[in-house]
Amino acid sequence: MMDKIEAGQKAAILAEALPYIRQFSGSTIVIKYGGNAMTDPALKEGFAKDVVLLKLVGIHPVVVHGGGPQINDLLNKVGKEGVFVQGMRVTDSETMDIVEMVLGGHVNKEITSLLNQHGGRAVGITGRDSHFIKAKKMFINTPERNGVDIGQVGQVESIDTGLIRGMVEHGYIPVVAPIGVGRQGEAFNINADVVAGKLAEELRAEKLIMMTNISGVLDKEGNLLTNLTPARIDELIADGTLHGGMLPKISSAVDAAINGVKATHIIDGRVPHALLLEIFTNQGVGSMILGGDEP
C-alpha cells in the first residue's frame with residue numbers, strides 16, 4: 001500500500017511539473033550556486049541531477065558558482081585570514097592568486113565534472129576566458145569613510161554574452177567562475193551574486209535563482225518574506241534586517257528584476273532538490289523579488 005501511495009505522490013508531482021516544463025522550455029535560467037549545496041555530498045549530487053534534468057526538458061541552465069568556504073580553507077592553510085567589508089572579500093595579490101586557484105581551478109572543475117558524470121555536457125569557464133567579463137576596480141563606501149580600497153575586487157563593466165550563448169546553442173551547460181578581467185589584463189575577484197545578476201540581465205533570462213543557506217529573505221522574527229518590492233527591500237536595509245553578505249545578493253536580485261529578468265528568487269539550498277521545487281511546483285521554497293513596487 002505504501003508503495004502505491006508513494007507512486008501516486010510521484011505521479012502527482014510529475015503532473016504538477018508539466019505546465020511549468022511547457023512554460024519554461026526554451027528559456028534560460030541563471031543559477032547562483034553556493035552555500036551548503038556546494039559542500040554537502042548529497043546536496044551536490046542532487047544539484048547536479050537537477051541541473052541536468054532542466055537541460056533534458058529543454059530549459060537552458062547557466063550556473064555561476066561561489067566558493068567562499070573553499071577559499072577560506074586554503075587561506076587558513078597558508079596562514080592568511082579572510083577579511084570582509086560589507087560582504088566583499090578584501091583581496092590582495094596573494095589572495096587573488098588563491099581565489100583564481102580555487103574558483104577557476106578546483107571548484108569549477110568539480111562542478112563541471114559532477115554535471116558531466118550525471119549526463120550533462122558542462123563546460124567550465126571564468127570571465128577571463130575570451131575576456132567575456134570586463135571589470136574595473138571597486139571601492140567601498142563605509143560609515144567611517146568613502147572610497148575604501150579593498151584590493152583586487154571588481155565590479156562588472158560589461159559582459160559579452162556571445163560565448164555563453166554559443167555554448168548554450170550547442171547543447172552545453174556553462175559553469176562560470178566569477179573572475180573578471182581589467183583593461184590591463186589583470187584579474188578581479190567579483191562577488192558571485194553580482195555576476196549571476198548581471199549575466200541574467202544580459203541574457204534576458206526567464207529566472208535568476210540564488211541558492212543560499214537560509215530559507216530566503218527573513219524578517220527580524222525569522223519569518224519568510226516573499227513578493228518583495230524594491231521599496232520594501234529599502235526598508236529592510238535601512239532598519240538593519242538585511243546586512244553583510246545579504247546586501248550584494250539582494251541588490252543583484254533587485255537589479256535583475258528591474259532590468260528585465262522575469263522572476264528572481266532566493267532559495268534555501270539546504271533543501272534537497274530545492275531547484276526543482278522552486279521551478280516546477282506551485283508553492284516554491286524561497287523568496288521572490290519583484291521589479292516594481294506593486295506586489
# chains A, B, ... in the order shown; residues from 1 in each chain; ligands from 1
call {"tool": "residues_around", "arguments": {"residues": "stretch 201-216 of chain A", "least_positions_apart": "3", "cutoff": "7 Å", "atoms": "only C-alpha atoms", "output": "MDAnalysis selection string"}}
result
chainID A and resid 27:36 161 197:198 224 256 259:270 286:287
call {"tool": "select_by_dssp", "arguments": {"residues": "stretch 75-275 of chain A", "states": "strand (DSSP E)", "output": "PyMOL selection string"}}
result
chain A and resi 84-85+88-89+122-126+133-140+148-159+173-177+179-181+187-189+207-212+217-218+224-225+263-268
call {"tool": "closest_residue", "arguments": {"among": "A:Ala12, A:Ala231, A:Val85, A:Ala37", "to": "A:Leu247", "atoms": "only C-alpha atoms"}}
result
A:Val85
call {"tool": "residues_around", "arguments": {"residues": "stretch 149-151 of chain A", "least_positions_apart": "6", "cutoff": "9 Å", "atoms": "only C-alpha atoms", "output": "ChimeraX atom specification"}}
result
/A:84-85,88-93,96,137-140,188
call {"tool": "write_last_selection", "arguments": {"atoms": "N, CA and C atoms", "output": "mmCIF file, in the first residue's frame"}}
result
data_model
loop_
_atom_site.group_PDB
_atom_site.id
_atom_site.type_symbol
_atom_site.label_atom_id
_atom_site.label_comp_id
_atom_site.auth_asym_id
_atom_site.auth_seq_id
_atom_site.Cartn_x
_atom_site.Cartn_y
_atom_site.Cartn_z
ATOM 1 N N PHE A 84 36.447 40.837 5.428
ATOM 2 C CA PHE A 84 35.331 41.280 4.594
ATOM 3 C C PHE A 84 34.912 42.699 4.968
ATOM 4 N N VAL A 85 34.514 43.468 3.965
ATOM 5 C CA VAL A 85 33.944 44.798 4.165
ATOM 6 C C VAL A 85 32.606 44.824 3.432
ATOM 7 N N MET A 88 32.055 42.018 1.036
ATOM 8 C CA MET A 88 33.046 41.847 -0.032
ATOM 9 C C MET A 88 34.390 41.424 0.560
ATOM 10 N N ARG A 89 35.015 40.404 -0.033
ATOM 11 C CA ARG A 89 36.300 39.906 0.454
ATOM 12 C C ARG A 89 37.424 40.864 0.074
ATOM 13 N N VAL A 90 38.182 41.323 1.054
ATOM 14 C CA VAL A 90 39.377 42.113 0.776
ATOM 15 C C VAL A 90 40.395 41.205 0.083
ATOM 16 N N THR A 91 40.875 41.625 -1.100
ATOM 17 C CA THR A 91 41.645 40.729 -1.965
ATOM 18 C C THR A 91 42.958 41.384 -2.381
ATOM 19 N N ASP A 92 44.035 41.056 -1.649
ATOM 20 C CA ASP A 92 45.363 41.498 -2.087
ATOM 21 C C ASP A 92 45.862 40.546 -3.167
ATOM 22 N N SER A 93 47.071 40.777 -3.683
ATOM 23 C CA SER A 93 47.542 39.990 -4.824
ATOM 24 C C SER A 93 47.701 38.507 -4.472
ATOM 25 N N MET A 96 44.303 37.043 -4.355
ATOM 26 C CA MET A 96 43.767 36.895 -5.707
ATOM 27 C C MET A 96 44.283 35.625 -6.362
ATOM 28 N N LYS A 137 38.101 48.170 -10.958
ATOM 29 C CA LYS A 137 38.327 48.131 -9.522
ATOM 30 C C LYS A 137 37.145 48.717 -8.765
ATOM 31 N N MET A 138 36.770 48.051 -7.681
ATOM 32 C CA MET A 138 35.673 48.511 -6.845
ATOM 33 C C MET A 138 36.210 49.183 -5.589
ATOM 34 N N PHE A 139 35.572 50.280 -5.197
ATOM 35 C CA PHE A 139 35.842 50.926 -3.926
ATOM 36 C C PHE A 139 34.559 50.890 -3.105
ATOM 37 N N ILE A 140 34.703 50.730 -1.793
ATOM 38 C CA ILE A 140 33.553 50.591 -0.908
ATOM 39 C C ILE A 140 33.387 51.845 -0.065
ATOM 40 N N PHE A 188 40.265 40.235 -11.497
ATOM 41 C CA PHE A 188 39.474 40.818 -10.422
ATOM 42 C C PHE A 188 38.552 39.758 -9.833
#
call {"tool": "closest_residue", "arguments": {"among": "A:Ala48, A:Ile59, A:Ile179, A:Ile250", "to": "A:Phe280", "atoms": "only C-alpha atoms"}}
result
A:Ile59
call {"tool": "residues_around", "arguments": {"residues": "A:Asn191", "least_positions_apart": "5", "cutoff": "8 Å", "atoms": "only C-alpha atoms", "output": "NGL selection string"}}
result
:A and (66 or 88 or 178 or 248)
call {"tool": "residues_around", "arguments": {"residues": "A:Arg121", "least_positions_apart": "6", "cutoff": "8 Å", "atoms": "only C-alpha atoms", "output": "PDB file with N, CA, C and O atoms, in the first residue's frame"}}
result
ATOM      1  N   LEU A 115      28.438  17.443 -13.079  1.00  0.00           N
ATOM      2  CA  LEU A 115      27.368  17.564 -14.076  1.00  0.00           C
ATOM      3  C   LEU A 115      27.576  16.579 -15.221  1.00  0.00           C
ATOM      4  O   LEU A 115      26.623  15.928 -15.677  1.00  0.00           O
ATOM      5  N   GLY A 171      24.292  22.981 -26.951  1.00  0.00           N
ATOM      6  CA  GLY A 171      23.868  21.951 -26.017  1.00  0.00           C
ATOM      7  C   GLY A 171      24.686  21.839 -24.751  1.00  0.00           C
ATOM      8  O   GLY A 171      24.505  20.885 -23.984  1.00  0.00           O
ATOM      9  N   TYR A 172      25.556  22.817 -24.492  1.00  0.00           N
ATOM     10  CA  TYR A 172      26.399  22.757 -23.299  1.00  0.00           C
ATOM     11  C   TYR A 172      25.765  23.504 -22.130  1.00  0.00           C
ATOM     12  O   TYR A 172      24.925  24.399 -22.314  1.00  0.00           O
ATOM     13  N   ILE A 173      26.197  23.144 -20.930  1.00  0.00           N
ATOM     14  CA  ILE A 173      25.812  23.843 -19.709  1.00  0.00           C
ATOM     15  C   ILE A 173      27.013  24.675 -19.262  1.00  0.00           C
ATOM     16  O   ILE A 173      28.009  24.119 -18.803  1.00  0.00           O
TER      17      ILE A 173
END
